[in-house]
file data_9.txt (compact mmCIF, C-alpha atoms and all ligand atoms)
# COMPACT_ATOMS: atom_id res chain seq x y z
CA TRP A 1 -99.46 -108.65 -34.82
CA VAL A 2 -102.28 -110.91 -35.86
CA ALA A 3 -101.61 -111.26 -39.53
CA TYR A 4 -102.59 -113.01 -42.67
CA LYS A 5 -100.23 -115.72 -43.67
CA LEU A 6 -100.36 -116.06 -47.41
CA ASP A 7 -98.60 -118.20 -49.91
CA ASN A 8 -98.37 -117.34 -53.56
CA THR A 9 -102.05 -117.67 -54.31
CA ILE A 10 -103.80 -119.20 -51.32
CA LEU A 11 -104.65 -117.41 -48.12
CA ASP A 12 -103.70 -119.87 -45.38
CA THR A 13 -105.13 -118.25 -42.31
CA GLY A 14 -107.08 -115.18 -41.41
CA ILE A 15 -110.77 -114.56 -41.14
CA ASP A 16 -112.51 -117.24 -43.12
CA THR A 17 -116.04 -115.87 -43.13
CA PRO A 18 -117.80 -116.34 -46.47
CA VAL A 19 -118.77 -113.22 -48.40
CA ALA A 20 -122.21 -113.08 -50.02
CA PRO A 21 -122.08 -112.50 -53.80
CA GLU A 22 -123.88 -109.16 -53.45
CA ALA A 23 -121.37 -108.04 -50.81
CA SER A 24 -118.38 -108.96 -52.95
CA ALA A 25 -115.92 -106.15 -53.67
CA LYS A 26 -116.31 -107.20 -57.30
CA VAL A 27 -119.73 -105.53 -57.32
CA LYS A 28 -119.90 -103.42 -54.16
CA PRO A 29 -117.86 -100.30 -53.36
CA VAL A 30 -115.64 -100.67 -50.28
CA THR A 31 -114.00 -98.27 -47.87
CA MET A 32 -110.68 -99.02 -46.23
CA LEU A 33 -108.74 -97.32 -43.46
CA LEU A 34 -105.01 -97.74 -43.99
CA LEU A 35 -102.84 -97.06 -40.96
CA GLY A 36 -99.03 -96.84 -40.96
CA THR A 37 -97.59 -97.03 -37.47
CA ASP A 38 -94.20 -95.76 -36.37
CA TYR A 39 -93.48 -98.99 -34.52
CA ARG A 40 -89.88 -100.11 -34.36
CA PRO A 41 -88.40 -102.32 -31.66
CA LYS A 42 -86.12 -99.54 -30.37
CA THR A 43 -88.92 -97.14 -29.49
CA GLY A 44 -91.90 -99.44 -29.04
CA THR A 45 -94.17 -96.60 -30.20
CA HIS A 46 -97.43 -97.29 -32.01
CA LEU A 47 -98.40 -93.85 -33.27
CA THR A 48 -100.31 -93.97 -36.55
CA ASP A 49 -98.24 -91.40 -38.43
CA VAL A 50 -99.93 -92.44 -41.68
CA MET A 51 -103.73 -92.45 -41.81
CA MET A 52 -105.40 -92.88 -45.17
CA VAL A 53 -109.04 -93.51 -45.94
CA ALA A 54 -109.70 -94.97 -49.36
CA THR A 55 -112.97 -95.65 -51.15
CA PHE A 56 -113.00 -98.04 -54.11
CA ASN A 57 -115.66 -98.39 -56.78
CA PRO A 58 -115.77 -101.49 -59.00
CA ASP A 59 -118.02 -99.92 -61.68
CA THR A 60 -115.60 -97.11 -62.47
CA LYS A 61 -112.61 -99.16 -61.29
CA SER A 62 -111.42 -96.10 -59.43
CA ALA A 63 -110.40 -95.05 -55.94
CA THR A 64 -110.32 -91.89 -53.86
CA VAL A 65 -107.78 -91.50 -51.09
CA VAL A 66 -107.71 -88.97 -48.25
CA SER A 67 -104.74 -88.64 -45.89
CA ILE A 68 -105.42 -87.29 -42.42
CA PRO A 69 -102.45 -85.28 -41.07
CA ARG A 70 -100.97 -86.94 -37.99
CA ASP A 71 -101.30 -83.87 -35.76
CA THR A 72 -104.96 -83.29 -36.62
CA ARG A 73 -106.89 -82.17 -33.55
CA ILE A 74 -109.79 -84.59 -33.15
CA ASP A 75 -112.65 -83.51 -30.94
CA LEU A 76 -115.55 -85.94 -31.16
CA ASP A 77 -118.40 -86.84 -28.83
CA GLY A 78 -117.37 -89.80 -26.71
CA TYR A 79 -113.64 -89.40 -27.38
CA LYS A 80 -110.87 -87.58 -25.56
CA VAL A 81 -109.38 -84.70 -27.54
CA ARG A 82 -106.13 -85.98 -29.02
CA LYS A 83 -103.90 -85.78 -32.02
CA ALA A 84 -105.22 -88.18 -34.63
CA ASN A 85 -102.09 -90.33 -34.45
CA ALA A 86 -102.32 -90.78 -30.68
CA TYR A 87 -105.57 -92.74 -30.46
CA TYR A 88 -104.18 -96.07 -31.59
CA PRO A 89 -101.66 -96.49 -28.72
CA ASN A 90 -104.42 -95.66 -26.25
CA PHE A 91 -106.77 -98.18 -27.83
CA LEU A 92 -103.95 -100.74 -27.68
CA ASP A 93 -103.61 -100.14 -23.92
CA ALA A 94 -107.38 -100.51 -23.52
CA GLU A 95 -107.32 -103.80 -25.46
CA LYS A 96 -105.73 -105.53 -22.50
CA LYS A 97 -108.50 -104.47 -20.15
CA SER A 98 -111.59 -104.82 -22.32
CA GLY A 99 -112.86 -106.69 -25.31
CA ILE A 100 -112.10 -103.97 -27.84
CA THR A 101 -109.55 -104.18 -30.62
CA ALA A 102 -107.53 -101.11 -31.48
CA PRO A 103 -107.91 -101.32 -35.30
CA ASN A 104 -111.67 -101.67 -34.86
CA GLU A 105 -111.82 -98.65 -32.57
CA MET A 106 -109.89 -96.63 -35.17
CA LYS A 107 -112.45 -97.65 -37.76
CA GLN A 108 -115.29 -96.43 -35.58
CA MET A 109 -113.51 -93.19 -34.74
CA PHE A 110 -112.84 -92.34 -38.40
CA THR A 111 -116.35 -93.42 -39.38
CA LYS A 112 -117.55 -90.71 -37.04
CA TYR A 113 -114.93 -88.15 -38.05
CA LEU A 114 -115.54 -88.53 -41.79
CA ASP A 115 -119.24 -89.41 -41.62
CA ILE A 116 -118.68 -92.43 -43.84
CA PRO A 117 -119.04 -96.17 -43.15
CA ILE A 118 -115.64 -97.89 -43.11
CA ASP A 119 -115.65 -101.56 -44.04
CA TYR A 120 -112.07 -102.56 -43.41
CA VAL A 121 -108.90 -101.55 -41.65
CA THR A 122 -105.32 -102.48 -42.50
CA VAL A 123 -102.42 -101.69 -40.17
CA ILE A 124 -98.88 -101.84 -41.50
CA ASN A 125 -95.59 -100.99 -39.79
CA PHE A 126 -92.14 -99.82 -40.99
CA GLN A 127 -90.91 -103.32 -41.77
CA GLY A 128 -94.11 -104.24 -43.59
CA PHE A 129 -93.98 -101.16 -45.80
CA SER A 130 -90.33 -101.69 -46.61
CA ASP A 131 -91.00 -105.36 -47.45
CA VAL A 132 -93.89 -104.44 -49.78
CA VAL A 133 -91.69 -102.02 -51.69
CA ASP A 134 -88.90 -104.61 -52.01
CA ALA A 135 -91.34 -107.34 -53.05
CA LEU A 136 -92.57 -105.04 -55.82
CA GLY A 137 -88.98 -104.44 -56.93
CA GLY A 138 -88.60 -100.87 -55.68
CA VAL A 139 -90.47 -97.65 -56.29
CA ASP A 140 -89.84 -94.73 -58.69
CA VAL A 141 -90.09 -91.25 -57.22
CA ASN A 142 -88.97 -87.75 -58.11
CA ILE A 143 -87.23 -86.33 -55.06
CA SER A 144 -87.79 -82.57 -54.88
CA MET A 145 -84.80 -81.72 -52.65
CA ASP A 146 -81.91 -83.33 -50.82
CA MET A 147 -83.25 -85.02 -47.70
CA CYS A 148 -81.16 -85.72 -44.64
CA TYR A 149 -82.27 -86.79 -41.18
CA LYS A 150 -80.41 -88.73 -38.55
CA ASP A 151 -81.58 -89.95 -35.16
CA LYS A 152 -78.98 -91.97 -33.28
CA ALA A 153 -81.50 -92.98 -30.63
CA ASP A 154 -83.46 -95.18 -33.02
CA GLY A 155 -80.96 -95.64 -35.84
CA THR A 156 -82.82 -93.48 -38.36
CA ASP A 157 -80.51 -92.40 -41.18
CA ILE A 158 -82.31 -90.76 -44.10
CA ASN A 159 -80.05 -89.58 -46.88
CA LEU A 160 -81.68 -88.98 -50.25
CA LYS A 161 -80.52 -86.88 -53.18
CA LYS A 162 -82.69 -84.57 -55.25
CA GLY A 163 -83.86 -85.95 -58.59
CA PRO A 164 -85.64 -88.96 -60.11
CA SER A 165 -84.74 -92.13 -58.27
CA GLU A 166 -85.68 -95.75 -57.82
CA LEU A 167 -85.83 -96.47 -54.10
CA ASN A 168 -85.59 -99.79 -52.30
CA GLY A 169 -87.80 -100.48 -49.30
CA GLU A 170 -85.52 -98.91 -46.72
CA ASP A 171 -84.99 -95.69 -48.68
CA ALA A 172 -88.67 -95.52 -49.61
CA LEU A 173 -89.46 -95.67 -45.90
CA GLY A 174 -87.06 -92.78 -45.31
CA TYR A 175 -88.75 -90.86 -48.11
CA VAL A 176 -92.27 -91.25 -46.69
CA ARG A 177 -91.03 -90.45 -43.14
CA TYR A 178 -88.90 -87.40 -43.88
CA ARG A 179 -90.26 -84.06 -42.69
CA HIS A 180 -87.36 -81.87 -41.69
CA SER A 181 -83.60 -81.78 -41.74
CA GLY A 182 -82.30 -83.13 -38.43
CA PRO A 183 -79.12 -83.14 -36.38
CA GLY A 184 -75.97 -84.09 -38.28
CA CYS A 185 -77.46 -82.64 -41.48
CA LYS A 186 -76.71 -79.34 -43.18
CA PRO A 187 -78.48 -77.03 -43.45
CA ARG A 188 -80.76 -77.89 -40.56
CA THR A 189 -84.40 -76.92 -40.90
CA LYS A 190 -86.81 -76.79 -38.02
CA GLU A 191 -90.18 -76.76 -39.74
CA SER A 192 -91.99 -80.08 -39.56
CA ASP A 193 -94.15 -80.21 -42.61
CA ASP A 194 -96.43 -83.22 -42.47
CA PHE A 195 -98.56 -81.92 -45.40
CA SER A 196 -95.81 -82.26 -48.00
CA ARG A 197 -94.91 -85.57 -46.37
CA ASN A 198 -98.49 -86.72 -47.01
CA GLN A 199 -98.00 -85.74 -50.66
CA ARG A 200 -94.85 -87.83 -50.85
CA GLN A 201 -96.78 -90.76 -49.38
CA ASN A 202 -99.41 -90.30 -52.08
CA GLU A 203 -96.71 -90.15 -54.74
CA VAL A 204 -95.25 -93.43 -53.44
CA LEU A 205 -98.65 -95.08 -53.41
CA HIS A 206 -99.27 -93.92 -56.99
CA SER A 207 -95.93 -95.23 -58.09
CA LEU A 208 -96.45 -98.57 -56.32
CA ILE A 209 -99.78 -98.94 -58.13
CA ASP A 210 -97.91 -98.38 -61.39
CA GLN A 211 -95.32 -100.89 -60.31
CA MET A 212 -98.03 -103.49 -59.66
CA GLN A 213 -98.97 -103.40 -63.36
CA THR A 214 -95.54 -104.73 -64.26
CA PHE A 215 -96.40 -107.86 -62.30
CA SER A 216 -97.76 -110.59 -64.53
CA GLY A 217 -101.06 -111.05 -62.73
CA ALA A 218 -103.26 -110.89 -59.71
CA THR A 219 -101.86 -114.11 -58.31
CA LYS A 220 -98.44 -112.53 -57.91
CA ILE A 221 -99.96 -109.90 -55.64
CA GLY A 222 -100.35 -112.81 -53.21
CA SER A 223 -96.58 -113.06 -53.04
CA VAL A 224 -96.37 -109.37 -52.13
CA LEU A 225 -98.82 -109.84 -49.30
CA ASP A 226 -96.91 -112.93 -48.22
CA ALA A 227 -93.81 -110.77 -47.82
CA VAL A 228 -95.57 -108.53 -45.30
CA SER A 229 -97.60 -111.11 -43.45
CA ASP A 230 -95.93 -110.69 -40.06
CA ASN A 231 -96.13 -106.92 -40.23
CA LEU A 232 -99.63 -106.38 -41.48
CA GLU A 233 -102.92 -106.73 -39.70
CA THR A 234 -106.28 -106.57 -41.41
CA ASP A 235 -109.88 -107.58 -40.88
CA ILE A 236 -110.62 -108.25 -44.54
CA GLU A 237 -112.13 -111.70 -44.95
CA LYS A 238 -109.97 -114.02 -47.04
CA ALA A 239 -112.61 -114.36 -49.73
CA GLN A 240 -113.08 -110.60 -49.88
CA LEU A 241 -109.35 -109.99 -50.12
CA LYS A 242 -109.33 -112.22 -53.17
CA ASN A 243 -112.24 -110.21 -54.60
CA ILE A 244 -110.40 -106.95 -53.94
CA ILE A 245 -107.22 -108.22 -55.57
CA ALA A 246 -109.13 -109.61 -58.56
CA THR A 247 -110.93 -106.30 -59.05
CA TYR A 248 -108.21 -103.75 -58.42
CA TRP A 249 -104.79 -105.31 -58.94
CA ASN A 250 -104.50 -103.56 -62.32
CA ILE A 251 -106.30 -100.33 -61.44
CA SER A 252 -104.98 -97.43 -63.50
CA LYS A 253 -103.10 -94.91 -61.42
CA ASP A 254 -104.98 -92.18 -63.29
CA ASN A 255 -108.10 -93.52 -61.60
CA VAL A 256 -106.65 -93.18 -58.12
CA LYS A 257 -107.40 -89.69 -56.92
CA PHE A 258 -105.87 -88.04 -53.87
CA VAL A 259 -107.84 -85.33 -52.13
CA PRO A 260 -105.66 -83.07 -49.96
CA VAL A 261 -106.55 -82.17 -46.40
CA THR A 262 -104.36 -79.59 -44.71
CA GLY A 263 -104.81 -77.10 -41.91
CA GLU A 264 -103.17 -74.58 -39.67
CA TRP A 265 -100.44 -75.62 -37.27
CA LYS A 266 -101.05 -74.21 -33.80
CA SER A 267 -98.84 -76.17 -31.44
CA PRO A 268 -99.38 -78.92 -30.60
CA TYR A 269 -102.18 -79.49 -33.09
CA VAL A 270 -103.07 -79.08 -36.74
CA HIS A 271 -106.45 -77.40 -36.94
CA ILE A 272 -107.99 -78.83 -40.06
CA ASN A 273 -109.31 -76.58 -42.80
CA ASP A 274 -113.05 -77.28 -42.66
CA ASP A 275 -113.65 -76.55 -46.36
CA GLU A 276 -111.00 -79.03 -47.37
CA LEU A 277 -112.34 -81.62 -44.97
CA ASP A 278 -115.86 -81.19 -46.34
CA LYS A 279 -114.59 -81.57 -49.90
CA ALA A 280 -112.66 -84.68 -48.94
CA LYS A 281 -115.69 -86.25 -47.26
CA GLN A 282 -117.77 -85.48 -50.35
CA ALA A 283 -115.13 -86.93 -52.67
CA LEU A 284 -115.10 -90.18 -50.67
CA LYS A 285 -118.90 -90.34 -50.86
CA ASP A 286 -118.91 -89.54 -54.58
CA GLU A 287 -116.53 -92.41 -55.16
CA LEU A 288 -118.85 -94.81 -53.36
CA ALA A 289 -121.73 -93.50 -55.48
CA GLY A 290 -119.77 -94.07 -58.70
CA LYS A 291 -119.59 -90.36 -59.45
CA SER A 292 -115.86 -89.94 -59.18
CA VAL A 293 -114.00 -90.79 -62.34
CA GLN A 294 -114.91 -90.96 -65.99
CA THR A 295 -112.60 -93.66 -67.21
CA LEU A 296 -111.04 -93.10 -70.63
CA ASP A 297 -110.97 -96.72 -71.68
CA GLN A 298 -114.60 -97.78 -71.75
C1 LIG B 1 -84.86 -87.85 -30.69
C2 LIG B 1 -86.06 -88.18 -29.81
C3 LIG B 1 -87.37 -88.26 -30.59
C4 LIG B 1 -88.76 -90.25 -30.81
C5 LIG B 1 -90.54 -85.76 -32.78
C6 LIG B 1 -88.44 -88.15 -35.05
C7 LIG B 1 -88.71 -87.19 -33.86
C8 LIG B 1 -87.48 -87.32 -31.78
C9 LIG B 1 -85.20 -86.68 -31.57
C10 LIG B 1 -84.00 -86.18 -32.35
C11 LIG B 1 -88.91 -91.67 -31.32
C12 LIG B 1 -90.24 -86.78 -33.91
C13 LIG B 1 -90.32 -87.00 -36.28
C14 LIG B 1 -92.91 -92.32 -38.91
C15 LIG B 1 -93.44 -91.54 -40.06
C16 LIG B 1 -94.41 -91.99 -40.87
C17 LIG B 1 -95.03 -93.34 -40.73
C18 LIG B 1 -94.58 -94.26 -41.85
C19 LIG B 1 -95.10 -95.68 -41.63
C20 LIG B 1 -95.37 -96.58 -42.60
C21 LIG B 1 -95.26 -96.24 -44.04
C22 LIG B 1 -96.63 -96.17 -44.69
C23 LIG B 1 -96.55 -95.54 -46.05
C24 LIG B 1 -97.52 -95.43 -46.93
C25 LIG B 1 -98.86 -95.94 -46.63
C26 LIG B 1 -99.38 -96.85 -47.71
C27 LIG B 1 -98.93 -98.27 -47.57
C28 LIG B 1 -98.41 -98.97 -48.58
C29 LIG B 1 -98.03 -100.39 -48.40
C30 LIG B 1 -98.83 -101.28 -49.29
C31 LIG B 1 -100.20 -101.40 -48.84
C32 LIG B 1 -100.78 -102.56 -48.62
C33 LIG B 1 -102.15 -102.51 -48.12
C34 LIG B 1 -103.07 -103.36 -48.89
C35 LIG B 1 -103.26 -104.56 -48.11
C36 LIG B 1 -104.39 -105.22 -48.07
C37 LIG B 1 -105.57 -104.76 -48.83
C38 LIG B 1 -104.49 -106.44 -47.23
C39 LIG B 1 -100.09 -103.87 -48.85
C40 LIG B 1 -98.21 -98.39 -49.92
C41 LIG B 1 -97.28 -94.73 -48.23
C42 LIG B 1 -95.79 -97.95 -42.21
C43 LIG B 1 -94.88 -91.10 -41.95
C44 LIG B 1 -88.87 -87.47 -36.35
C45 LIG B 1 -88.43 -87.90 -38.67
C46 LIG B 1 -88.22 -88.92 -39.75
N1 LIG B 1 -87.60 -89.63 -31.04
N2 LIG B 1 -88.68 -88.36 -37.44
O1 LIG B 1 -87.12 -88.52 -35.08
O2 LIG B 1 -88.49 -87.91 -32.71
O3 LIG B 1 -86.25 -87.15 -32.45
O4 LIG B 1 -83.91 -86.64 -33.65
O5 LIG B 1 -83.78 -87.56 -29.88
O6 LIG B 1 -85.78 -89.40 -29.20
O7 LIG B 1 -89.73 -89.71 -30.31
O8 LIG B 1 -89.86 -84.62 -32.98
O9 LIG B 1 -90.52 -86.13 -35.19
O10 LIG B 1 -91.15 -88.15 -36.04
O11 LIG B 1 -92.88 -87.39 -37.72
O12 LIG B 1 -91.90 -89.68 -37.81
O13 LIG B 1 -89.85 -90.96 -37.13
O14 LIG B 1 -91.60 -91.92 -38.60
O15 LIG B 1 -92.10 -91.59 -36.19
O16 LIG B 1 -93.40 -89.04 -35.89
O17 LIG B 1 -88.34 -86.73 -38.91
P1 LIG B 1 -92.44 -88.50 -36.85
P2 LIG B 1 -91.31 -91.07 -37.31
MG MG B 2 -93.76 -90.90 -35.04
call {"tool": "encode", "arguments": {"input": "data_9.txt", "output": "structure tokens"}}
result
Amino acid sequence: WVAYKLDNTILDTGIDTPVAPEASAKVKPVTMLLLGTDYRPKTGTHLTDVMMVATFNPDTKSATVVSIPRDTRIDLDGYKVRKANAYYPNFLDAEKKSGITAPNEMKQMFTKYLDIPIDYVTVINFQGFSDVVDALGGVDVNISMDMCYKDKADGTDINLKKGPSELNGEDALGYVRYRHSGPGCKPRTKESDDFSRNQRQNEVLHSLIDQMQTFSGATKIGSVLDAVSDNLETDIEKAQLKNIIATYWNISKDNVKFVPVTGEWKSPYVHINDDELDKAKQALKDELAGKSVQTLDQ
């Protein structure tokens, strides 16, 4: 991991390129690819089981977020057909042989897939996500059913009870990972529903945004990023990260819109619903054009 090292307010390292005033996120819409990998030391995997593309607009102070299901069949010119989550490990392997960087390749791939320029990419792993949630003091969710999943091989032990709950980082990670009831759990269910899992991830993101408002100011967000520094990789310039934080740290969760993308599961792929994908692409573009949200508080 090449990561930002942050202290409470100052970004110590990272990409120190200046950002022109007209390119500042304070005045210019930005697009970010957010990748959550399934890396843990015991498996060594780097599948991007969470893939979100978010567009932010400073004029409306709003954002639009699209989650790409992990099993999405991607078939693009110049790329091997793969599940969406399987490109990153392959790009990581290629990194060693050529001058490419895997996060950058993911950016280019999704730029092509969604027909939208992507400015930045942020990669976070299990530990990083869990640390963010703990640094924010936990996350409130409404759990729709009992959730149980155990995997001795990698130490996964998800055990969550139905109902409203405040989750710490570890349990929040279980909540965003859960997709079917596994061995050692009763009753066992076989279906692996990544679509409702994407919804839970959106719910958690919404709730974390709410949680950020309880922090006393943008500077404290620096302490949250500090907590994840070893487990987060991003190509956002330091100056721009400050602009992003200054502009969006208190974004209203009502102004963060999630656009669903689902599809049909035909093993081993999810074949994406083209109508939904088109709507999602349009929603991302509308956000960039400032056409997304009419804010209530102007
Ligand atoms: C075993 C076998 C086998 C393996 C296949 C899994 C099962 C098999 C057998 C029996 C290993 C497999 C299921 C990963 C799931 C995820 C990824 C989550 C990752 C994250 C969380 C991201 C969450 C978000 C994203 C938004 C991020 C934030 C953080 C704040 C953001 C910041 C960014 C801003 C920063 C700047 C601007 C600078 C700060 C809000 C909401 C990182 C979803 C099975 C499960 C759970 N094992 N797993 O076991 O494997 O199982 O059990 O015998 O060995 O192959 O069948 O299926 O795997 O679906 O999920 O486990 O977890 O990899 O792939 O069901 P899976 P898994
Ligand atoms: Mg996985």
call {"tool": "residues_around", "arguments": {"input": "data_9.txt", "residues": "Asn202 in chain A", "least_positions_apart": "6", "cutoff": "12 Å", "atoms": "only C-alpha atoms", "output": "list in words"}}
result
Val50, Met51, Met52, Val53, Ala54, Thr64, Val65, Val66, Ser67, Ile68, Val141, Tyr175, Val176, Phe195, Ser196, Leu208, Ile209, Lys253, Val256, Lys257, Phe258, Val259 and Pro260 of chain A
call {"tool": "closest_residue", "arguments": {"input": "data_9.txt", "among": "A:Thr60, A:Thr37, A:Asn243, A:Asn104", "to": "ligand LIG 1 (chain B)", "atoms": "only C-alpha atoms and all ligand atoms"}}
result
A:Thr37
call {"tool": "atom_distance", "arguments": {"input": "data_9.txt", "atom1": "CA of Ile158 in chain A", "atom2": "CA of Glu170 in chain A"}}
result
9.1 Å
call {"tool": "closest_residue", "arguments": {"input": "data_9.txt", "among": "A:Thr45, A:Asn159, A:Asn273, A:Thr262", "to": "ligand LIG 1 (chain B)", "atoms": "all atoms listed in the file"}}
result
A:Thr45
call {"tool": "residues_near_ligand", "arguments": {"input": "data_9.txt", "ligand": "ligand LIG 1 (chain B)", "cutoff": "6 Å", "atoms": "all atoms listed in the file", "output": "list in words"}}
result
Gly36, Thr37, Asp38, Thr43, Asp49, Val50, Ile124, Asn125, Phe126, Phe129, Val132, Asp151, Ala153, Val176, Arg177, Tyr178, Arg179, His180, Gln201, Val204 and Leu205 of chain A
call {"tool": "atom_distance", "arguments": {"input": "data_9.txt", "atom1": "CA of Met212 in chain A", "atom2": "CA of Asp140 in chain A"}}
result
12.0 Å
call {"tool": "axis_aligned_box", "arguments": {"input": "data_9.txt", "around": "range 201-207 of chain A", "padding_each_side": "4 Å", "output": "JSON"}}
result
{"center_x": -97.3, "center_y": -92.7, "center_z": -53.7, "size_x": 12.2, "size_y": 13.1, "size_z": 16.7}
call {"tool": "residues_around", "arguments": {"input": "data_9.txt", "residues": "Leu114 in chain A", "least_positions_apart": "6", "cutoff": "10 Å", "atoms": "all atoms listed in the file", "output": "list in words"}}
result
Val53, Leu277, Asp278, Ala280, Lys281, Gln282, Leu284 and Lys285 of chain A
call {"tool": "residues_near_point", "arguments": {"input": "data_9.txt", "point": "(-107.7, -98.8, -32.5)", "cutoff": "12 Å", "atoms": "all atoms listed in the file", "output": "MDAnalysis selection string"}}
result
chainID A and resid 33:35 37 46:48 51 84:95 99:110 121:123 233:234
call {"tool": "write_last_selection", "arguments": {"input": "data_9.txt", "atoms": "C-alpha atoms", "output": "PDB file, in the frame of the given file"}}
result
ATOM      1  CA  LEU A  33    -108.740 -97.320 -43.460  1.00  0.00           C
ATOM      2  CA  LEU A  34    -105.010 -97.740 -43.990  1.00  0.00           C
ATOM      3  CA  LEU A  35    -102.840 -97.060 -40.960  1.00  0.00           C
ATOM      4  CA  THR A  37     -97.590 -97.030 -37.470  1.00  0.00           C
ATOM      5  CA  HIS A  46     -97.430 -97.290 -32.010  1.00  0.00           C
ATOM      6  CA  LEU A  47     -98.400 -93.850 -33.270  1.00  0.00           C
ATOM      7  CA  THR A  48    -100.310 -93.970 -36.550  1.00  0.00           C
ATOM      8  CA  MET A  51    -103.730 -92.450 -41.810  1.00  0.00           C
ATOM      9  CA  ALA A  84    -105.220 -88.180 -34.630  1.00  0.00           C
ATOM     10  CA  ASN A  85    -102.090 -90.330 -34.450  1.00  0.00           C
ATOM     11  CA  ALA A  86    -102.320 -90.780 -30.680  1.00  0.00           C
ATOM     12  CA  TYR A  87    -105.570 -92.740 -30.460  1.00  0.00           C
ATOM     13  CA  TYR A  88    -104.180 -96.070 -31.590  1.00  0.00           C
ATOM     14  CA  PRO A  89    -101.660 -96.490 -28.720  1.00  0.00           C
ATOM     15  CA  ASN A  90    -104.420 -95.660 -26.250  1.00  0.00           C
ATOM     16  CA  PHE A  91    -106.770 -98.180 -27.830  1.00  0.00           C
ATOM     17  CA  LEU A  92    -103.950-100.740 -27.680  1.00  0.00           C
ATOM     18  CA  ASP A  93    -103.610-100.140 -23.920  1.00  0.00           C
ATOM     19  CA  ALA A  94    -107.380-100.510 -23.520  1.00  0.00           C
ATOM     20  CA  GLU A  95    -107.320-103.800 -25.460  1.00  0.00           C
ATOM     21  CA  GLY A  99    -112.860-106.690 -25.310  1.00  0.00           C
ATOM     22  CA  ILE A 100    -112.100-103.970 -27.840  1.00  0.00           C
ATOM     23  CA  THR A 101    -109.550-104.180 -30.620  1.00  0.00           C
ATOM     24  CA  ALA A 102    -107.530-101.110 -31.480  1.00  0.00           C
ATOM     25  CA  PRO A 103    -107.910-101.320 -35.300  1.00  0.00           C
ATOM     26  CA  ASN A 104    -111.670-101.670 -34.860  1.00  0.00           C
ATOM     27  CA  GLU A 105    -111.820 -98.650 -32.570  1.00  0.00           C
ATOM     28  CA  MET A 106    -109.890 -96.630 -35.170  1.00  0.00           C
ATOM     29  CA  LYS A 107    -112.450 -97.650 -37.760  1.00  0.00           C
ATOM     30  CA  GLN A 108    -115.290 -96.430 -35.580  1.00  0.00           C
ATOM     31  CA  MET A 109    -113.510 -93.190 -34.740  1.00  0.00           C
ATOM     32  CA  PHE A 110    -112.840 -92.340 -38.400  1.00  0.00           C
ATOM     33  CA  VAL A 121    -108.900-101.550 -41.650  1.00  0.00           C
ATOM     34  CA  THR A 122    -105.320-102.480 -42.500  1.00  0.00           C
ATOM     35  CA  VAL A 123    -102.420-101.690 -40.170  1.00  0.00           C
ATOM     36  CA  GLU A 233    -102.920-106.730 -39.700  1.00  0.00           C
ATOM     37  CA  THR A 234    -106.280-106.570 -41.410  1.00  0.00           C
TER      38      THR A 234
END
call {"tool": "atom_distance", "arguments": {"input": "data_9.txt", "atom1": "CA of Ala20 in chain A", "atom2": "CA of Leu232 in chain A"}}
result
25.1 Å
call {"tool": "closest_residue", "arguments": {"input": "data_9.txt", "among": "A:Gly78, A:Pro69, A:Gly263, A:Gly290", "to": "ligand MG 2 (chain B)", "atoms": "only C-alpha atoms and all ligand atoms"}}
result
A:Pro69
call {"tool": "closest_residue", "arguments": {"input": "data_9.txt", "among": "A:Gly184, A:Asp286, A:Thr31, A:Gln199", "to": "Lys152 in chain A", "atoms": "all atoms listed in the file"}}
result
A:Gly184
